[in-house]
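Colleague: The structure that follows is given in the form of structure tokens.
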Amino acid sequence: GIRNNVRNNNNMGNTNNGIGNQMAAPPPSGSSSQDNGLPVSPETDSSCQHCMEQMLQQAVQQSTKVPKAGINSSDKVLTQLPEELSRGDEGCEVIPSQNLKPFPGPYQSGKSHNGIRVFATRHRITNSTKPSEQFLQQEFHAVDSFADILQNLCGIYKLNLSSVCIYYDNSGGTIAFNSNKALYFNVRFYYALHYNEKKQKTTTATLSECYSYWFTTMAHELAHHLVSAHNKEHGFYTESYITLYMPRLMKYLSQQAQS
């Protein structure tokens, strides 16, 4: 999962259980030389790139539906991390617990106006959902606004809308996380970083800033379809998703600027 800039590097929001089935990435260094040291033809490089792009697209299509009942997971500690994981601590990552329950919302559907599921968070210490529910009740207009952003990004990534959801958690630093190949986005950060600016005045600059932020966040979480840990392999896939789908984002923003 992705966390804000003041995050503890031992935490991540991904609860994907596919750690034992990681797919091998091309060399993160971008080297075009094979292990035998022989030169590689442009045709081979092009074919490898095409195969990787197909793999990324297929991974998006393997996204699962967000369970309507929510999720309830306990903390998990990963102690056997790949060697590629560069860090200066004891070599483990903690996956924070997540406890989400459906929030009915003004439509009494448990969804935003465009059909994205919405969840309240049960606080890790008090075990109460009241703070989360209060925000969602008072600021559901921000949820609907965020839902529009996510719907448009799903169109860019060709991701089914049923594979993303919105929740509110007022503690910790988790911006988004991946659970069993479904994506969860914390509206708290959209509200703090982009909602008020968008509400006051939508300009090309504010729109681009907002979409760039959440486009990159979605790429980060989609990369967790392929690898769970925050290692070089995950970073490579995140960059690859951004590179592959950036032209579609630029086309969308260009259309919005002209409208």
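Chains: A, B, ... in order of the structure tokens. Residues: from 1 per chain. Ligands: from 1, in order shown.
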Neighbours of stretch 134-140 of chain A within 12 Å (only C-alpha atoms; same-chain residues fewer than 2 positions away dropped), as a CSV table (one decimal) with C-alpha atoms, in the first residue's frame?

Modeller:
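Output file out.csv is given in full below:
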```csv
chain,number,residue,atom,x,y,z
A,102,PRO,CA,-20.2,-0.9,4.9
A,103,PHE,CA,-21.5,2.7,5.3
A,104,PRO,CA,-25.1,3.1,4.0
A,105,GLY,CA,-24.6,6.7,2.9
A,106,PRO,CA,-27.3,9.1,1.7
A,107,TYR,CA,-28.4,6.6,-1.0
A,108,GLN,CA,-28.8,3.8,1.5
A,110,GLY,CA,-23.5,1.5,0.7
A,111,LYS,CA,-22.2,3.1,-2.4
A,112,SER,CA,-21.3,6.5,-3.9
A,113,HIS,CA,-23.6,8.1,-6.5
A,118,VAL,CA,-18.0,3.1,0.7
A,119,PHE,CA,-16.8,1.9,4.1
A,120,ALA,CA,-16.3,3.2,7.6
A,121,THR,CA,-13.2,2.3,9.6
A,128,SER,CA,-15.4,2.4,17.4
A,129,THR,CA,-16.6,3.4,13.9
A,130,LYS,CA,-18.2,6.6,15.1
A,131,PRO,CA,-15.4,9.1,14.0
A,132,SER,CA,-15.3,7.6,10.6
A,142,ALA,CA,-16.4,14.8,-0.9
A,143,VAL,CA,-16.9,11.1,-1.2
A,144,ASP,CA,-19.0,11.5,-4.4
A,145,SER,CA,-16.4,13.9,-5.8
A,146,PHE,CA,-13.6,11.4,-5.1
A,147,ALA,CA,-15.7,8.7,-6.7
A,166,ILE,CA,-13.6,4.4,-0.8
A,167,TYR,CA,-13.1,4.4,3.0
A,168,TYR,CA,-12.3,7.0,5.7
A,169,ASP,CA,-9.6,6.4,8.3
A,170,ASN,CA,-8.6,9.4,10.4
A,186,ASN,CA,-8.7,6.7,1.9
A,187,VAL,CA,-10.9,9.7,1.1
A,188,ARG,CA,-9.2,11.5,4.0
A,190,TYR,CA,-8.4,13.5,-1.2
A,191,TYR,CA,-10.3,15.7,1.2
A,192,ALA,CA,-7.2,17.3,2.7
A,195,TYR,CA,-11.2,18.5,-2.6
A,196,ASN,CA,-11.3,22.1,-1.3
```

Colleague: Residues of stretch 124-248 of chain A in strand (DSSP E or B) according to DSSP, as a PyMOL selection string?

Modeller: chain A and resi 164-168+174-179+182-186

Colleague: Take the residues that were just selected and, keeping C-alpha atoms, output them as a PDB file, in the first residue's frame.

Modeller:
```pdb
ATOM      1  CA  VAL A 164     -12.171  -0.111  -6.182  1.00  0.00           C
ATOM      2  CA  CYS A 165     -13.745   1.371  -3.075  1.00  0.00           C
ATOM      3  CA  ILE A 166     -13.557   4.381  -0.781  1.00  0.00           C
ATOM      4  CA  TYR A 167     -13.099   4.393   2.983  1.00  0.00           C
ATOM      5  CA  TYR A 168     -12.287   6.957   5.667  1.00  0.00           C
ATOM      6  CA  THR A 174      -2.282   4.785   4.810  1.00  0.00           C
ATOM      7  CA  ILE A 175      -3.399   6.535   1.632  1.00  0.00           C
ATOM      8  CA  ALA A 176      -4.488   3.360  -0.163  1.00  0.00           C
ATOM      9  CA  PHE A 177      -3.996  -0.383   0.034  1.00  0.00           C
ATOM     10  CA  ASN A 178      -4.472  -3.545  -1.982  1.00  0.00           C
ATOM     11  CA  SER A 179      -6.370  -6.449  -0.446  1.00  0.00           C
ATOM     12  CA  ALA A 182      -9.095  -5.098  -4.829  1.00  0.00           C
ATOM     13  CA  LEU A 183      -8.072  -1.466  -4.254  1.00  0.00           C
ATOM     14  CA  TYR A 184      -9.049   0.663  -1.240  1.00  0.00           C
ATOM     15  CA  PHE A 185      -8.611   4.458  -1.229  1.00  0.00           C
ATOM     16  CA  ASN A 186      -8.700   6.672   1.862  1.00  0.00           C
TER      17      ASN A 186
END
```

Colleague: Find the residues near stretch 148-156 of chain A: any atom within 8 Å, counting only C-alpha atoms, skip ones fewer than 3 places away on the same chain, and give them as an mmCIF file with C-alpha atoms, in the first residue's frame.

Modeller:
```cif
data_model
loop_
_atom_site.group_PDB
_atom_site.id
_atom_site.type_symbol
_atom_site.label_atom_id
_atom_site.label_comp_id
_atom_site.auth_asym_id
_atom_site.auth_seq_id
_atom_site.Cartn_x
_atom_site.Cartn_y
_atom_site.Cartn_z
ATOM 1 C CA ASN A 114 -21.746 6.206 -9.286
ATOM 2 C CA ASP A 144 -19.004 11.545 -4.373
ATOM 3 C CA SER A 145 -16.402 13.949 -5.767
ATOM 4 C CA LEU A 159 -10.139 -1.312 -14.403
ATOM 5 C CA ASN A 160 -13.608 -2.486 -13.404
ATOM 6 C CA LEU A 161 -15.296 -0.030 -11.038
ATOM 7 C CA VAL A 164 -12.171 -0.111 -6.182
ATOM 8 C CA TYR A 211 -5.199 13.320 -11.251
ATOM 9 C CA TRP A 214 -4.217 9.515 -7.666
ATOM 10 C CA PHE A 215 -3.058 8.098 -11.008
ATOM 11 C CA TYR A 245 -0.909 4.362 -19.037
ATOM 12 C CA ARG A 248 -4.125 7.826 -21.688
ATOM 13 C CA LEU A 249 -3.990 10.163 -18.675
#
```

Colleague: Nearest residue to A:Lys199 out of A:Asn127, A:Ser171, A:His141, A:Ala223, using only C-alpha atoms?

Modeller: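 When distances to A:Lys199 are compared using only C-alpha atoms, the smallest one comes from A:His141.
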
Colleague: I'd like the interatomic distance between atom CA of A:Ser109 and atom CA of A:Val66, to a tenth of an Å.

Modeller: 14.5 Å

Colleague: Could you check how far atom CA of A:Thr238 sits from atom CA of A:Val40, in Å to one decimal?

Modeller: 24.8 Å

Colleague: Once DSSP has gone over the backbone, tell me which residues of stretch 53-247 of chain A are in alpha helix (DSSP H), as number ranges by chain.

Modeller: A: 53-61, 130-138, 140-157, 187-190, 196-200, 204-223, 232-247

Colleague: Env of stretch 52-61 of chain A: 9 Å cut, atoms = only C-alpha atoms, seq-sep filter 3 positions within chain, self excluded. Answer as number ranges by chain.

Modeller: A: 25-26, 47-49, 64, 157-160, 181, 222-223, 225-226, 237, 240-241, 244

Colleague: Please save N, CA, C and O atoms of the selected residues as an mmCIF file, in the first residue's frame.

Modeller:
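Once written, result-v6.cif looks like this:
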```
data_model
loop_
_atom_site.group_PDB
_atom_site.id
_atom_site.type_symbol
_atom_site.label_atom_id
_atom_site.label_comp_id
_atom_site.auth_asym_id
_atom_site.auth_seq_id
_atom_site.Cartn_x
_atom_site.Cartn_y
_atom_site.Cartn_z
ATOM 1 N N ALA A 25 10.458 -9.930 -12.532
ATOM 2 C CA ALA A 25 10.472 -8.702 -13.324
ATOM 3 C C ALA A 25 11.683 -8.676 -14.234
ATOM 4 O O ALA A 25 12.709 -9.286 -13.932
ATOM 5 N N PRO A 26 11.603 -7.925 -15.345
ATOM 6 C CA PRO A 26 12.811 -7.637 -16.105
ATOM 7 C C PRO A 26 13.773 -6.872 -15.211
ATOM 8 O O PRO A 26 13.377 -6.355 -14.165
ATOM 9 N N SER A 47 10.171 -6.955 -28.259
ATOM 10 C CA SER A 47 9.304 -8.091 -27.940
ATOM 11 C C SER A 47 9.151 -8.271 -26.433
ATOM 12 O O SER A 47 8.042 -8.514 -25.935
ATOM 13 N N CYS A 48 10.244 -8.102 -25.703
ATOM 14 C CA CYS A 48 10.195 -8.224 -24.237
ATOM 15 C C CYS A 48 9.307 -7.148 -23.628
ATOM 16 O O CYS A 48 8.523 -7.412 -22.710
ATOM 17 N N GLN A 49 9.441 -5.920 -24.155
ATOM 18 C CA GLN A 49 8.623 -4.818 -23.657
ATOM 19 C C GLN A 49 7.145 -5.083 -23.931
ATOM 20 O O GLN A 49 6.285 -4.850 -23.072
ATOM 21 N N THR A 64 -10.096 -8.173 -8.426
ATOM 22 C CA THR A 64 -11.296 -8.815 -7.880
ATOM 23 C C THR A 64 -12.297 -7.773 -7.399
ATOM 24 O O THR A 64 -11.960 -6.598 -7.217
ATOM 25 N N TYR A 157 -7.173 3.152 -16.711
ATOM 26 C CA TYR A 157 -6.491 1.879 -16.503
ATOM 27 C C TYR A 157 -7.292 0.679 -17.022
ATOM 28 O O TYR A 157 -6.821 -0.449 -16.948
ATOM 29 N N LYS A 158 -8.510 0.922 -17.487
ATOM 30 C CA LYS A 158 -9.410 -0.155 -17.929
ATOM 31 C C LYS A 158 -9.651 -1.138 -16.793
ATOM 32 O O LYS A 158 -9.621 -2.358 -16.958
ATOM 33 N N LEU A 159 -9.910 -0.558 -15.631
ATOM 34 C CA LEU A 159 -10.139 -1.312 -14.403
ATOM 35 C C LEU A 159 -11.622 -1.271 -14.079
ATOM 36 O O LEU A 159 -12.259 -0.208 -14.135
ATOM 37 N N ASN A 160 -12.194 -2.418 -13.745
ATOM 38 C CA ASN A 160 -13.608 -2.486 -13.404
ATOM 39 C C ASN A 160 -13.889 -1.684 -12.142
ATOM 40 O O ASN A 160 -13.164 -1.793 -11.148
ATOM 41 N N LYS A 181 -6.234 -8.164 -4.397
ATOM 42 C CA LYS A 181 -6.382 -7.604 -5.744
ATOM 43 C C LYS A 181 -7.627 -6.740 -5.903
ATOM 44 O O LYS A 181 -8.143 -6.562 -7.009
ATOM 45 N N LEU A 222 -1.818 -1.190 -8.062
ATOM 46 C CA LEU A 222 -1.909 -2.232 -9.091
ATOM 47 C C LEU A 222 -0.625 -3.057 -9.144
ATOM 48 O O LEU A 222 -0.661 -4.263 -9.416
ATOM 49 N N ALA A 223 0.504 -2.419 -8.880
ATOM 50 C CA ALA A 223 1.778 -3.150 -8.873
ATOM 51 C C ALA A 223 1.792 -4.210 -7.785
ATOM 52 O O ALA A 223 2.507 -5.215 -7.895
ATOM 53 N N HIS A 225 -0.520 -6.224 -7.314
ATOM 54 C CA HIS A 225 -1.082 -7.446 -7.895
ATOM 55 C C HIS A 225 0.044 -8.437 -8.218
ATOM 56 O O HIS A 225 -0.168 -9.646 -8.256
ATOM 57 N N LEU A 226 1.232 -7.900 -8.501
ATOM 58 C CA LEU A 226 2.349 -8.700 -8.988
ATOM 59 C C LEU A 226 3.379 -9.021 -7.918
ATOM 60 O O LEU A 226 4.066 -10.039 -7.998
ATOM 61 N N TYR A 237 7.544 -2.324 -11.314
ATOM 62 C CA TYR A 237 6.200 -2.485 -11.862
ATOM 63 C C TYR A 237 5.387 -1.200 -11.738
ATOM 64 O O TYR A 237 4.592 -0.864 -12.621
ATOM 65 N N SER A 240 6.449 0.973 -14.459
ATOM 66 C CA SER A 240 5.992 0.422 -15.735
ATOM 67 C C SER A 240 4.517 0.725 -15.968
ATOM 68 O O SER A 240 4.106 1.041 -17.091
ATOM 69 N N TYR A 241 3.706 0.634 -14.914
ATOM 70 C CA TYR A 241 2.287 1.002 -15.044
ATOM 71 C C TYR A 241 2.132 2.482 -15.405
ATOM 72 O O TYR A 241 1.328 2.852 -16.261
ATOM 73 N N LEU A 244 3.135 2.972 -19.045
ATOM 74 C CA LEU A 244 2.192 2.376 -19.992
ATOM 75 C C LEU A 244 0.914 3.184 -20.126
ATOM 76 O O LEU A 244 0.388 3.357 -21.234
#
```

Colleague: Could you pull the residues within 10 Å of A:Ser208, counting only C-alpha atoms, minus those fewer than 3 positions along the same chain, as an mmCIF file with N, CA, C and O atoms, in the first residue's frame?

Modeller:
```
data_model
loop_
_atom_site.group_PDB
_atom_site.id
_atom_site.type_symbol
_atom_site.label_atom_id
_atom_site.label_comp_id
_atom_site.auth_asym_id
_atom_site.auth_seq_id
_atom_site.Cartn_x
_atom_site.Cartn_y
_atom_site.Cartn_z
ATOM 1 N N THR A 202 -11.850 24.925 -10.209
ATOM 2 C CA THR A 202 -11.173 23.870 -10.951
ATOM 3 C C THR A 202 -10.410 24.483 -12.113
ATOM 4 O O THR A 202 -10.993 25.033 -13.046
ATOM 5 N N THR A 203 -9.098 24.429 -12.038
ATOM 6 C CA THR A 203 -8.249 24.922 -13.117
ATOM 7 C C THR A 203 -7.497 23.746 -13.723
ATOM 8 O O THR A 203 -7.483 22.634 -13.172
ATOM 9 N N THR A 204 -6.867 23.975 -14.848
ATOM 10 C CA THR A 204 -6.080 22.916 -15.484
ATOM 11 C C THR A 204 -4.980 22.437 -14.556
ATOM 12 O O THR A 204 -4.706 21.236 -14.460
ATOM 13 N N ALA A 205 -4.385 23.376 -13.821
ATOM 14 C CA ALA A 205 -3.287 23.026 -12.911
ATOM 15 C C ALA A 205 -3.773 22.174 -11.749
ATOM 16 O O ALA A 205 -3.162 21.158 -11.415
ATOM 17 N N TYR A 211 -5.210 14.566 -10.497
ATOM 18 C CA TYR A 211 -5.199 13.320 -11.251
ATOM 19 C C TYR A 211 -3.821 12.663 -11.254
ATOM 20 O O TYR A 211 -3.713 11.436 -11.200
ATOM 21 N N SER A 212 -2.771 13.448 -11.297
ATOM 22 C CA SER A 212 -1.421 12.880 -11.274
ATOM 23 C C SER A 212 -1.178 12.137 -9.969
ATOM 24 O O SER A 212 -0.592 11.044 -9.947
ATOM 25 N N TYR A 213 -1.653 12.715 -8.878
ATOM 26 C CA TYR A 213 -1.467 12.116 -7.551
ATOM 27 C C TYR A 213 -2.171 10.768 -7.460
ATOM 28 O O TYR A 213 -1.568 9.751 -7.087
ATOM 29 N N LEU A 249 -3.724 9.093 -19.630
ATOM 30 C CA LEU A 249 -3.990 10.163 -18.675
ATOM 31 C C LEU A 249 -3.825 11.520 -19.344
ATOM 32 O O LEU A 249 -4.667 12.419 -19.169
ATOM 33 N N MET A 250 -2.748 11.685 -20.112
ATOM 34 C CA MET A 250 -2.495 12.963 -20.780
ATOM 35 C C MET A 250 -3.614 13.289 -21.768
ATOM 36 O O MET A 250 -4.046 14.453 -21.880
ATOM 37 N N LEU A 253 -6.662 14.480 -19.696
ATOM 38 C CA LEU A 253 -6.487 15.834 -19.175
ATOM 39 C C LEU A 253 -6.557 16.866 -20.286
ATOM 40 O O LEU A 253 -7.088 17.972 -20.093
ATOM 41 N N SER A 254 -6.041 16.522 -21.460
ATOM 42 C CA SER A 254 -6.116 17.431 -22.598
ATOM 43 C C SER A 254 -7.571 17.654 -23.006
ATOM 44 O O SER A 254 -7.985 18.787 -23.306
ATOM 45 N N GLN A 256 -10.165 17.429 -21.054
ATOM 46 C CA GLN A 256 -10.807 18.229 -20.011
ATOM 47 C C GLN A 256 -10.436 19.702 -20.130
ATOM 48 O O GLN A 256 -11.271 20.577 -19.880
ATOM 49 N N ALA A 257 -9.208 19.974 -20.515
ATOM 50 C CA ALA A 257 -8.764 21.371 -20.656
ATOM 51 C C ALA A 257 -9.477 22.061 -21.810
ATOM 52 O O ALA A 257 -9.690 23.284 -21.775
#
```

Colleague: Have a look at atom CA of A:Glu209 and atom CA of A:Gly235 and let me know their distance in Å, one decimal.

Modeller: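 We find that atom CA of A:Glu209 and atom CA of A:Gly235 lie 21.3 Å from each other.
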